[in-house]
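Everything below concerns the one structure shown next.
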Amino acid sequence: MRNAWIIAKRDLGSFFNSPIFYVVTTVFLILYSFIFFNILNFFSFQSLQAGQLQSMGMNMNLNEMVIEPSLQNMSVVLLMIIPVITMRSFADEKKMKTFRLLLSSPVPLREIVFGKFLACMIVVTVMILISSYSVGSLFLLGEPEPGPIFTGYLGVLLMAGCYVSVGVFASSLTDNQIVAAVLTFGFSLFMWVIGWGAQAVGATTGQILQFLSIVDHLDRFLKGMIDTSDLVYYLSFILLSLFLCHRVLDSNRWR
Amino acid sequence: MIEVENLTKYYGPRRAINNLTFQIAQGEVVGFLGPNGAGKSTTMDILSCILPASSGTARIQGYDIFEQSLEIRKIIGYLPETPPLYPDMSVRDYLMFAAQVRGLAGKQTGTAVERVIEKCSLKDVGHRIIGRLSKGYQQRVGLAQAMVHDPDILILDEPTIGLDPIQIIEIRKLIQELASSHTIILSSHILPEITQICQRVIIINEGEIAAVDSLEGLTASLRKSERLSLTVRNRDDGIEEKLNSLSQVLSVLPGEKNQFLVECELNSNLQDEFARLALENQWGLVEITPISMTLEDVFLKLTIEEKDVKA
């Protein structure tokens, strides 16, 4: 895995040297912060009302009413932002012909793929870490429970991992970054809404569609639960995408 | 030692190279020569394990290019036609990356990078961003990248393409220096380059080997005749006829203005005859020059004759 790290390190350098990272992070933070403060504002308005009506006060919960919807919304913003981060991975290497340097180096293809994934994942993690100032500030204002916050962030990271793996895969299909971004966005969004089809089809198929939905698995994480089936879903999603990416790159050489 | 056997590569239905077989000995400098699209780059891509061959094999230092490609990639340095440069990196960072990705680690990396920076005279631009360098410097960075891990074998695809004459001379000198300690395969469609650097030439045309020989061998084997250029002041129609009447003259081609290209048998030394004719007939002799057959002619002859056979 040493080689994967070398490749990831180079990609990170080019992220931080180019405006892409800063623009994307700024847009992400502004969008997310706006959503977060609106949710927080709504919560404080509600608690003000609840203060007047004693009986309602029992249900006011920071975790459930602020953090959970914030993270849920963050995952929507990530859905739109991540394709821009991953689109360069292979598309740019192919366009600039730099991929030949990697291909002629004694580095197994799987380590190249993993290195690309790792670099994007680190960028996304950094973005999410910066945005966690929001939830962190709640500790100054109230007493949120740390457990569900931890699992919530874990869930968001895993979900982001799925988007990133799709993005890296899409980027291996083309040498055009825009095509890669659109494919990533389209497929990620499809995996998001796939559960909506559940009602239209039979019970069994419906259940399968529901299970495939990328967002359904996030709910339990946000509630503070780490369910093995959710964990397995996310990890196998990531592995499958990276595997497909590997196959595509390998078969490209044969054509 | 590079042994290539019946190497064939198809891109979809199009055959890029067909049944290439050749050997390259340790320490040799070999030139791949051929027109654009002849299959030079494809062959080089296959030898550097970027592309798999459709059929046939090659062994480099005893390793099979398909089965043991990771071993081969360690001992090969490849400079593709477009140097694989990341335009947003500085020269030094890029070379560090190239060294690491080629398997160098720790202190080795730094020393290796300094060594190639020295060798390719990149000292002044070490900290500069590659995208802002001139084409000549970029090409040198590409070359530095190929030799940073001190490979036994260097594969250079058109290393001087797009450079100005001074830069070409510099790169050429650099390659000549490297030739003493490396096996080098070099491709080009610029003939003088091959003549100056390589000991042996492999001429590829339409995916097949048209000839493999040393330079002298190639020119000698194809030289069935020699040419003289004759220039006169007073041109008249009788000249061609009179020249043709000499027994050793094979053909006369009227050139531009008052010039004639006379093809005659080997070692016929017709200069005296020409001079005598010119004096007798008052042509007003200006110049008689022997034209030696260049590699360029050899190349054209080979590639065109090939076409004739096919047509």
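Each chain in the structure tokens gets a letter, A, B and so on, in the order shown; residues start at 1 in every chain, and ligands are counted from 1 in the order they appear.
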Proximity check chain A to chain B, 6 Å, nearest pairs one decimal Å, only C-alpha atoms, as CSV:
```
residue,atom,partner,partner_atom,distance
A:Lys97,CA,B:Pro84,CA,5.5
A:Thr98,CA,B:Pro84,CA,4.0
A:Leu101,CA,B:Pro84,CA,5.8
A:Leu103,CA,B:Ile50,CA,5.6
A:Ser104,CA,B:Ile50,CA,5.6
A:Ser105,CA,B:Arg102,CA,5.4
A:Pro106,CA,B:Leu70,CA,4.9
A:Arg253,CA,B:Leu51,CA,5.4
A:Arg255,CA,B:Tyr11,CA,5.8
```
Can you pull out every residue within 10 Å of Val125 in chain B, counting only C-alpha atoms, but drop anything in the same chain fewer than 3 positions away, and send it as JSON, numbers by chain?
{"B": [90, 91, 92, 117, 121, 122, 128, 129, 130, 133, 137, 141]}
Filtering to N, CA and C atoms, could you give me those residues as a CSV table (one decimal), in the first residue's frame?
```csv
chain,number,residue,atom,x,y,z
B,90,SER,N,6.1,21.2,-9.4
B,90,SER,CA,7.4,21.8,-9.6
B,90,SER,C,8.3,20.6,-10.1
B,91,VAL,N,9.4,21.0,-10.8
B,91,VAL,CA,10.3,20.0,-11.4
B,91,VAL,C,10.8,19.0,-10.4
B,92,ARG,N,11.2,19.6,-9.3
B,92,ARG,CA,11.8,18.7,-8.2
B,92,ARG,C,10.8,17.8,-7.6
B,117,ILE,N,18.8,15.7,-12.1
B,117,ILE,CA,18.8,17.2,-12.3
B,117,ILE,C,20.1,17.7,-12.8
B,121,SER,N,20.8,18.9,-16.8
B,121,SER,CA,21.0,20.4,-16.6
B,121,SER,C,19.6,21.1,-16.3
B,122,LEU,N,19.0,20.6,-15.2
B,122,LEU,CA,17.8,21.2,-14.8
B,122,LEU,C,17.9,22.1,-13.5
B,128,ARG,N,10.8,25.4,-10.4
B,128,ARG,CA,9.7,26.0,-11.2
B,128,ARG,C,8.6,25.0,-11.6
B,129,ILE,N,7.4,25.6,-11.9
B,129,ILE,CA,6.3,24.8,-12.2
B,129,ILE,C,6.4,24.3,-13.6
B,130,ILE,N,6.2,23.0,-13.8
B,130,ILE,CA,6.5,22.4,-15.1
B,130,ILE,C,5.7,23.0,-16.2
B,133,LEU,N,7.3,25.9,-18.1
B,133,LEU,CA,8.6,25.8,-18.7
B,133,LEU,C,8.5,25.7,-20.2
B,137,TYR,N,12.8,22.5,-22.1
B,137,TYR,CA,12.9,22.1,-20.7
B,137,TYR,C,12.0,20.9,-20.3
B,141,VAL,N,12.8,17.4,-18.7
B,141,VAL,CA,12.2,16.8,-17.5
B,141,VAL,C,11.6,15.4,-17.8
```
With DSSP run on the backbone, what are the alpha helix (DSSP H) residues within range 16-64 of chain A? I'd like them as a ChimeraX atom specification.
/A:16-17,19-52,62
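Every protein or nucleic acid residue with an atom no more than 9 Å from Ile24 in chain B, counting only C-alpha atoms and leaving out same-chain residues fewer than 2 positions away, appears here: Met1, Ile2, Glu3, Val4, Phe22, Gln26, Gly27, Glu28, Val29, Val30, Thr183 and Ile185 of chain B.
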Expected file contents, prior selection, N, CA, C and O atoms, as an mmCIF file, in the first residue's frame:
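Final output, saved to part.cif:
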```cif
data_model
loop_
_atom_site.group_PDB
_atom_site.id
_atom_site.type_symbol
_atom_site.label_atom_id
_atom_site.label_comp_id
_atom_site.auth_asym_id
_atom_site.auth_seq_id
_atom_site.Cartn_x
_atom_site.Cartn_y
_atom_site.Cartn_z
ATOM 1 N N MET B 1 19.454 -7.248 -22.672
ATOM 2 C CA MET B 1 19.082 -8.077 -23.827
ATOM 3 C C MET B 1 17.566 -8.045 -24.034
ATOM 4 O O MET B 1 16.802 -8.307 -23.120
ATOM 5 N N ILE B 2 17.160 -7.676 -25.222
ATOM 6 C CA ILE B 2 15.732 -7.636 -25.526
ATOM 7 C C ILE B 2 15.473 -8.576 -26.695
ATOM 8 O O ILE B 2 16.124 -8.469 -27.740
ATOM 9 N N GLU B 3 14.579 -9.521 -26.482
ATOM 10 C CA GLU B 3 14.240 -10.439 -27.576
ATOM 11 C C GLU B 3 12.754 -10.296 -27.874
ATOM 12 O O GLU B 3 11.925 -10.524 -26.999
ATOM 13 N N VAL B 4 12.461 -9.938 -29.087
ATOM 14 C CA VAL B 4 11.061 -9.764 -29.486
ATOM 15 C C VAL B 4 10.721 -10.837 -30.508
ATOM 16 O O VAL B 4 11.476 -11.054 -31.454
ATOM 17 N N PHE B 22 12.814 -9.164 -33.504
ATOM 18 C CA PHE B 22 14.176 -8.609 -33.546
ATOM 19 C C PHE B 22 14.840 -8.775 -32.185
ATOM 20 O O PHE B 22 14.173 -9.119 -31.201
ATOM 21 N N GLN B 26 22.717 -6.132 -25.125
ATOM 22 C CA GLN B 26 23.054 -5.267 -24.003
ATOM 23 C C GLN B 26 23.946 -4.108 -24.461
ATOM 24 O O GLN B 26 24.910 -4.313 -25.186
ATOM 25 N N GLY B 27 23.608 -2.901 -24.072
ATOM 26 C CA GLY B 27 24.460 -1.762 -24.358
ATOM 27 C C GLY B 27 24.345 -1.199 -25.764
ATOM 28 O O GLY B 27 25.054 -0.273 -26.127
ATOM 29 N N GLU B 28 23.447 -1.754 -26.540
ATOM 30 C CA GLU B 28 23.305 -1.288 -27.912
ATOM 31 C C GLU B 28 22.413 -0.043 -27.973
ATOM 32 O O GLU B 28 21.552 0.146 -27.117
ATOM 33 N N VAL B 29 22.614 0.779 -28.968
ATOM 34 C CA VAL B 29 21.712 1.906 -29.189
ATOM 35 C C VAL B 29 21.029 1.678 -30.535
ATOM 36 O O VAL B 29 21.676 1.661 -31.577
ATOM 37 N N VAL B 30 19.736 1.454 -30.473
ATOM 38 C CA VAL B 30 19.007 1.058 -31.676
ATOM 39 C C VAL B 30 17.968 2.108 -32.019
ATOM 40 O O VAL B 30 17.300 2.643 -31.140
ATOM 41 N N THR B 183 21.272 0.479 -22.447
ATOM 42 C CA THR B 183 20.721 0.020 -23.710
ATOM 43 C C THR B 183 19.631 1.021 -24.065
ATOM 44 O O THR B 183 18.786 1.323 -23.233
ATOM 45 N N ILE B 185 16.632 2.317 -26.808
ATOM 46 C CA ILE B 185 15.816 2.212 -28.018
ATOM 47 C C ILE B 185 15.233 3.589 -28.263
ATOM 48 O O ILE B 185 14.682 4.195 -27.355
#
```
What's the 10 Å shell around range 40-54 of chain A, counting only C-alpha atoms, without same-chain residues fewer than 4 positions away, as a PyMOL selection string?
chain A and resi 34-36+58-62+65-67+70+134+138
So how many Å separate CA of Val84 in chain A and CA of Val24 in chain A, to one decimal?
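Taking CA of Val84 in chain A and CA of Val24 in chain A, their separation equals 7.8 Å.
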10 Å contact set for Gly136 in chain B, only C-alpha atoms, chain neighbours under 6 positions out, as a PyMOL selection string:
chain B and resi 142+160-164+166-168+170-171
The selected residues should be written to file as a compact mmCIF listing (two decimals), in the first residue's frame (atoms: all heavy atoms).
```
# COMPACT_ATOMS: atom_id res chain seq x y z
N GLY B 142 11.06 15.29 -18.98
CA GLY B 142 10.56 13.98 -19.39
C GLY B 142 11.67 12.95 -19.44
O GLY B 142 11.51 11.82 -18.98
N THR B 160 13.19 14.19 -29.55
CA THR B 160 13.53 15.57 -29.94
C THR B 160 12.41 16.26 -30.70
O THR B 160 12.60 17.34 -31.23
CB THR B 160 14.78 15.58 -30.85
OG1 THR B 160 14.51 14.77 -31.98
CG2 THR B 160 15.98 15.06 -30.13
N ILE B 161 11.23 15.65 -30.68
CA ILE B 161 10.14 16.23 -31.47
C ILE B 161 9.73 17.59 -30.88
O ILE B 161 9.66 17.78 -29.67
CB ILE B 161 8.94 15.26 -31.53
CG1 ILE B 161 8.03 15.62 -32.67
CG2 ILE B 161 8.19 15.21 -30.23
CD1 ILE B 161 7.04 14.53 -33.01
N GLY B 162 9.51 18.54 -31.76
CA GLY B 162 9.03 19.85 -31.33
C GLY B 162 10.07 20.73 -30.68
O GLY B 162 9.73 21.72 -30.05
N LEU B 163 11.34 20.38 -30.78
CA LEU B 163 12.37 21.21 -30.15
C LEU B 163 13.05 22.06 -31.22
O LEU B 163 13.05 21.72 -32.39
CB LEU B 163 13.42 20.33 -29.48
CG LEU B 163 12.90 19.40 -28.40
CD1 LEU B 163 14.06 18.63 -27.79
CD2 LEU B 163 12.20 20.19 -27.31
N ASP B 164 13.67 23.16 -30.78
CA ASP B 164 14.42 23.96 -31.75
C ASP B 164 15.81 23.36 -31.92
O ASP B 164 16.24 22.52 -31.13
CB ASP B 164 14.44 25.44 -31.34
CG ASP B 164 15.28 25.69 -30.12
OD1 ASP B 164 16.34 25.03 -29.96
OD2 ASP B 164 14.90 26.53 -29.30
N ILE B 166 18.88 24.07 -31.39
CA ILE B 166 19.86 24.05 -30.29
C ILE B 166 19.45 23.03 -29.24
O ILE B 166 20.27 22.26 -28.74
CB ILE B 166 19.98 25.46 -29.68
CG1 ILE B 166 20.52 26.41 -30.74
CG2 ILE B 166 20.87 25.44 -28.45
CD1 ILE B 166 20.51 27.85 -30.33
N GLN B 167 18.18 23.01 -28.94
CA GLN B 167 17.69 22.04 -27.96
C GLN B 167 17.89 20.61 -28.46
O GLN B 167 18.25 19.71 -27.70
CB GLN B 167 16.21 22.28 -27.69
CG GLN B 167 15.96 23.60 -26.99
CD GLN B 167 14.49 23.98 -27.01
OE1 GLN B 167 13.74 23.56 -27.88
NE2 GLN B 167 14.08 24.77 -26.04
N ILE B 168 17.68 20.43 -29.77
CA ILE B 168 17.87 19.09 -30.34
C ILE B 168 19.30 18.63 -30.13
O ILE B 168 19.55 17.51 -29.70
CB ILE B 168 17.52 19.07 -31.85
CG1 ILE B 168 16.01 19.25 -32.02
CG2 ILE B 168 17.98 17.79 -32.51
CD1 ILE B 168 15.54 19.25 -33.45
N GLU B 170 21.34 19.58 -27.83
CA GLU B 170 21.57 19.30 -26.41
C GLU B 170 21.04 17.92 -26.00
O GLU B 170 21.73 17.14 -25.35
CB GLU B 170 20.88 20.37 -25.56
CG GLU B 170 21.67 21.67 -25.52
CD GLU B 170 20.90 22.76 -24.79
OE1 GLU B 170 19.80 22.49 -24.30
OE2 GLU B 170 21.44 23.87 -24.71
N ILE B 171 19.80 17.65 -26.42
CA ILE B 171 19.20 16.35 -26.08
C ILE B 171 20.01 15.22 -26.70
O ILE B 171 20.27 14.20 -26.08
CB ILE B 171 17.74 16.28 -26.59
CG1 ILE B 171 16.88 17.28 -25.82
CG2 ILE B 171 17.19 14.88 -26.50
CD1 ILE B 171 16.22 16.77 -24.60
```
Please identify the strand (DSSP E) residues within range 14-250 of chain B (assignment by DSSP from backbone atoms) and present them as a ChimeraX atom specification.
/B:14-24,29-33,55-60,63-64,76-79,153-157,183-188,200-205,208-214,225-232,249-250
Write the residues you've just listed into a file as a PDB file, in the first residue's frame, and include C-alpha atoms for each of them.
```
ATOM      1  CA  ARG B  14      -6.902  -2.478 -37.250  1.00  0.00           C
ATOM      2  CA  ARG B  15      -3.526  -4.130 -37.139  1.00  0.00           C
ATOM      3  CA  ALA B  16      -0.917  -1.770 -35.749  1.00  0.00           C
ATOM      4  CA  ILE B  17       2.077  -4.078 -35.845  1.00  0.00           C
ATOM      5  CA  ASN B  18       2.485  -7.437 -37.461  1.00  0.00           C
ATOM      6  CA  ASN B  19       4.889 -10.205 -36.554  1.00  0.00           C
ATOM      7  CA  LEU B  20       7.788  -8.089 -35.367  1.00  0.00           C
ATOM      8  CA  THR B  21      10.858 -10.122 -34.520  1.00  0.00           C
ATOM      9  CA  PHE B  22      14.176  -8.609 -33.546  1.00  0.00           C
ATOM     10  CA  GLN B  23      16.878  -8.665 -30.907  1.00  0.00           C
ATOM     11  CA  ILE B  24      18.715  -5.929 -29.154  1.00  0.00           C
ATOM     12  CA  VAL B  29      21.712   1.906 -29.189  1.00  0.00           C
ATOM     13  CA  VAL B  30      19.007   1.058 -31.676  1.00  0.00           C
ATOM     14  CA  GLY B  31      16.860   3.393 -33.708  1.00  0.00           C
ATOM     15  CA  PHE B  32      13.280   2.701 -34.698  1.00  0.00           C
ATOM     16  CA  LEU B  33      12.636   4.457 -37.911  1.00  0.00           C
ATOM     17  CA  SER B  55       0.033 -12.189 -29.850  1.00  0.00           C
ATOM     18  CA  GLY B  56       3.720 -12.955 -29.741  1.00  0.00           C
ATOM     19  CA  THR B  57       6.063 -12.333 -26.836  1.00  0.00           C
ATOM     20  CA  ALA B  58       9.040 -10.332 -25.814  1.00  0.00           C
ATOM     21  CA  ARG B  59      11.618 -10.932 -23.126  1.00  0.00           C
ATOM     22  CA  ILE B  60      13.672  -8.220 -21.521  1.00  0.00           C
ATOM     23  CA  TYR B  63      11.696 -11.462 -17.978  1.00  0.00           C
ATOM     24  CA  ASP B  64       8.543 -12.033 -19.978  1.00  0.00           C
ATOM     25  CA  ILE B  76      12.939   0.234 -17.898  1.00  0.00           C
ATOM     26  CA  GLY B  77      12.713   3.972 -18.252  1.00  0.00           C
ATOM     27  CA  TYR B  78      10.144   5.173 -20.755  1.00  0.00           C
ATOM     28  CA  LEU B  79       9.730   8.577 -22.327  1.00  0.00           C
ATOM     29  CA  ILE B 153      17.075   0.128 -20.613  1.00  0.00           C
ATOM     30  CA  LEU B 154      15.841   3.466 -21.878  1.00  0.00           C
ATOM     31  CA  ILE B 155      12.960   3.623 -24.330  1.00  0.00           C
ATOM     32  CA  LEU B 156      12.650   7.066 -25.880  1.00  0.00           C
ATOM     33  CA  ASP B 157       9.800   7.822 -28.235  1.00  0.00           C
ATOM     34  CA  THR B 183      20.721   0.020 -23.710  1.00  0.00           C
ATOM     35  CA  ILE B 184      18.701   2.577 -25.624  1.00  0.00           C
ATOM     36  CA  ILE B 185      15.816   2.212 -28.018  1.00  0.00           C
ATOM     37  CA  LEU B 186      15.021   5.435 -29.755  1.00  0.00           C
ATOM     38  CA  SER B 187      12.343   6.199 -32.265  1.00  0.00           C
ATOM     39  CA  SER B 188      12.295   8.974 -34.765  1.00  0.00           C
ATOM     40  CA  ARG B 200      21.699  -0.078 -35.670  1.00  0.00           C
ATOM     41  CA  VAL B 201      18.423   0.804 -37.329  1.00  0.00           C
ATOM     42  CA  ILE B 202      15.141  -1.040 -37.421  1.00  0.00           C
ATOM     43  CA  ILE B 203      12.970   0.392 -40.147  1.00  0.00           C
ATOM     44  CA  ILE B 204       9.279  -0.167 -39.559  1.00  0.00           C
ATOM     45  CA  ASN B 205       6.664   0.516 -42.156  1.00  0.00           C
ATOM     46  CA  GLU B 208       6.172  -4.562 -40.338  1.00  0.00           C
ATOM     47  CA  ILE B 209       9.926  -4.573 -40.268  1.00  0.00           C
ATOM     48  CA  ALA B 210      11.253  -3.298 -43.567  1.00  0.00           C
ATOM     49  CA  ALA B 211      14.918  -3.670 -42.681  1.00  0.00           C
ATOM     50  CA  VAL B 212      17.255  -4.305 -39.766  1.00  0.00           C
ATOM     51  CA  ASP B 213      20.895  -3.440 -40.251  1.00  0.00           C
ATOM     52  CA  SER B 214      23.737  -1.182 -39.285  1.00  0.00           C
ATOM     53  CA  SER B 225      24.007   3.032 -58.462  1.00  0.00           C
ATOM     54  CA  GLU B 226      25.505   6.415 -57.793  1.00  0.00           C
ATOM     55  CA  ARG B 227      24.395   9.834 -58.798  1.00  0.00           C
ATOM     56  CA  LEU B 228      26.094  12.852 -60.213  1.00  0.00           C
ATOM     57  CA  SER B 229      24.600  16.271 -60.470  1.00  0.00           C
ATOM     58  CA  LEU B 230      25.609  18.276 -63.502  1.00  0.00           C
ATOM     59  CA  THR B 231      24.914  21.987 -63.877  1.00  0.00           C
ATOM     60  CA  VAL B 232      25.518  23.953 -67.048  1.00  0.00           C
ATOM     61  CA  VAL B 249      24.839   6.138 -67.700  1.00  0.00           C
ATOM     62  CA  LEU B 250      21.631   4.498 -66.536  1.00  0.00           C
TER      63      LEU B 250
END
```
When you look at Val286 in chain B with a cut-off of 12 Å (counting only C-alpha atoms), what residues show up, excluding the ones that are within fewer than 6 positions of it in the same chain? I need them as a VMD selection string.
chain B and resid 229 to 235 258 to 260 274 to 275 278 to 279
Could you dump the residues just selected with N, CA and C atoms as a short mmCIF file (atom, residue, chain, number, x, y, z; two decimals), in the first residue's frame?
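So result-v6.cif came out as:
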```
data_model
loop_
_atom_site.label_atom_id
_atom_site.label_comp_id
_atom_site.auth_asym_id
_atom_site.auth_seq_id
_atom_site.Cartn_x
_atom_site.Cartn_y
_atom_site.Cartn_z
N SER B 229 25.42 15.13 -60.07
CA SER B 229 24.60 16.27 -60.47
C SER B 229 25.45 17.14 -61.38
N LEU B 230 24.86 17.49 -62.51
CA LEU B 230 25.61 18.28 -63.50
C LEU B 230 24.86 19.58 -63.76
N THR B 231 25.56 20.69 -63.61
CA THR B 231 24.91 21.99 -63.88
C THR B 231 25.66 22.71 -64.99
N VAL B 232 24.90 23.25 -65.91
CA VAL B 232 25.52 23.95 -67.05
C VAL B 232 24.89 25.33 -67.21
N ARG B 233 25.54 26.17 -68.03
CA ARG B 233 25.01 27.52 -68.27
C ARG B 233 24.04 27.54 -69.44
N ASN B 234 24.43 26.85 -70.53
CA ASN B 234 23.62 26.91 -71.75
C ASN B 234 22.85 25.60 -71.92
N ARG B 235 21.61 25.67 -71.65
CA ARG B 235 20.84 24.44 -71.75
C ARG B 235 20.32 24.26 -73.18
N ASN B 258 19.14 24.59 -64.98
CA ASN B 258 20.08 23.93 -65.90
C ASN B 258 20.78 22.75 -65.25
N GLN B 259 20.07 22.08 -64.37
CA GLN B 259 20.69 20.98 -63.66
C GLN B 259 20.19 19.64 -64.20
N PHE B 260 21.09 18.67 -64.20
CA PHE B 260 20.70 17.31 -64.60
C PHE B 260 21.16 16.34 -63.53
N PHE B 274 32.05 13.81 -68.54
CA PHE B 274 31.11 14.93 -68.54
C PHE B 274 31.82 16.23 -68.92
N ALA B 275 32.99 16.39 -68.32
CA ALA B 275 33.74 17.62 -68.56
C ALA B 275 34.12 17.72 -70.03
N ALA B 278 31.11 18.57 -72.09
CA ALA B 278 30.71 19.97 -71.86
C ALA B 278 31.59 20.91 -72.65
N LEU B 279 32.90 20.60 -72.67
CA LEU B 279 33.83 21.45 -73.40
C LEU B 279 33.58 21.38 -74.91
#
```
Report as a ChimeraX atom specification all protein, DNA and RNA residues lying within 9 Å of Val27 in chain A, evaluated on only C-alpha atoms, omitting residues in the same chain fewer than 5 positions from it.
/A:22,32,81
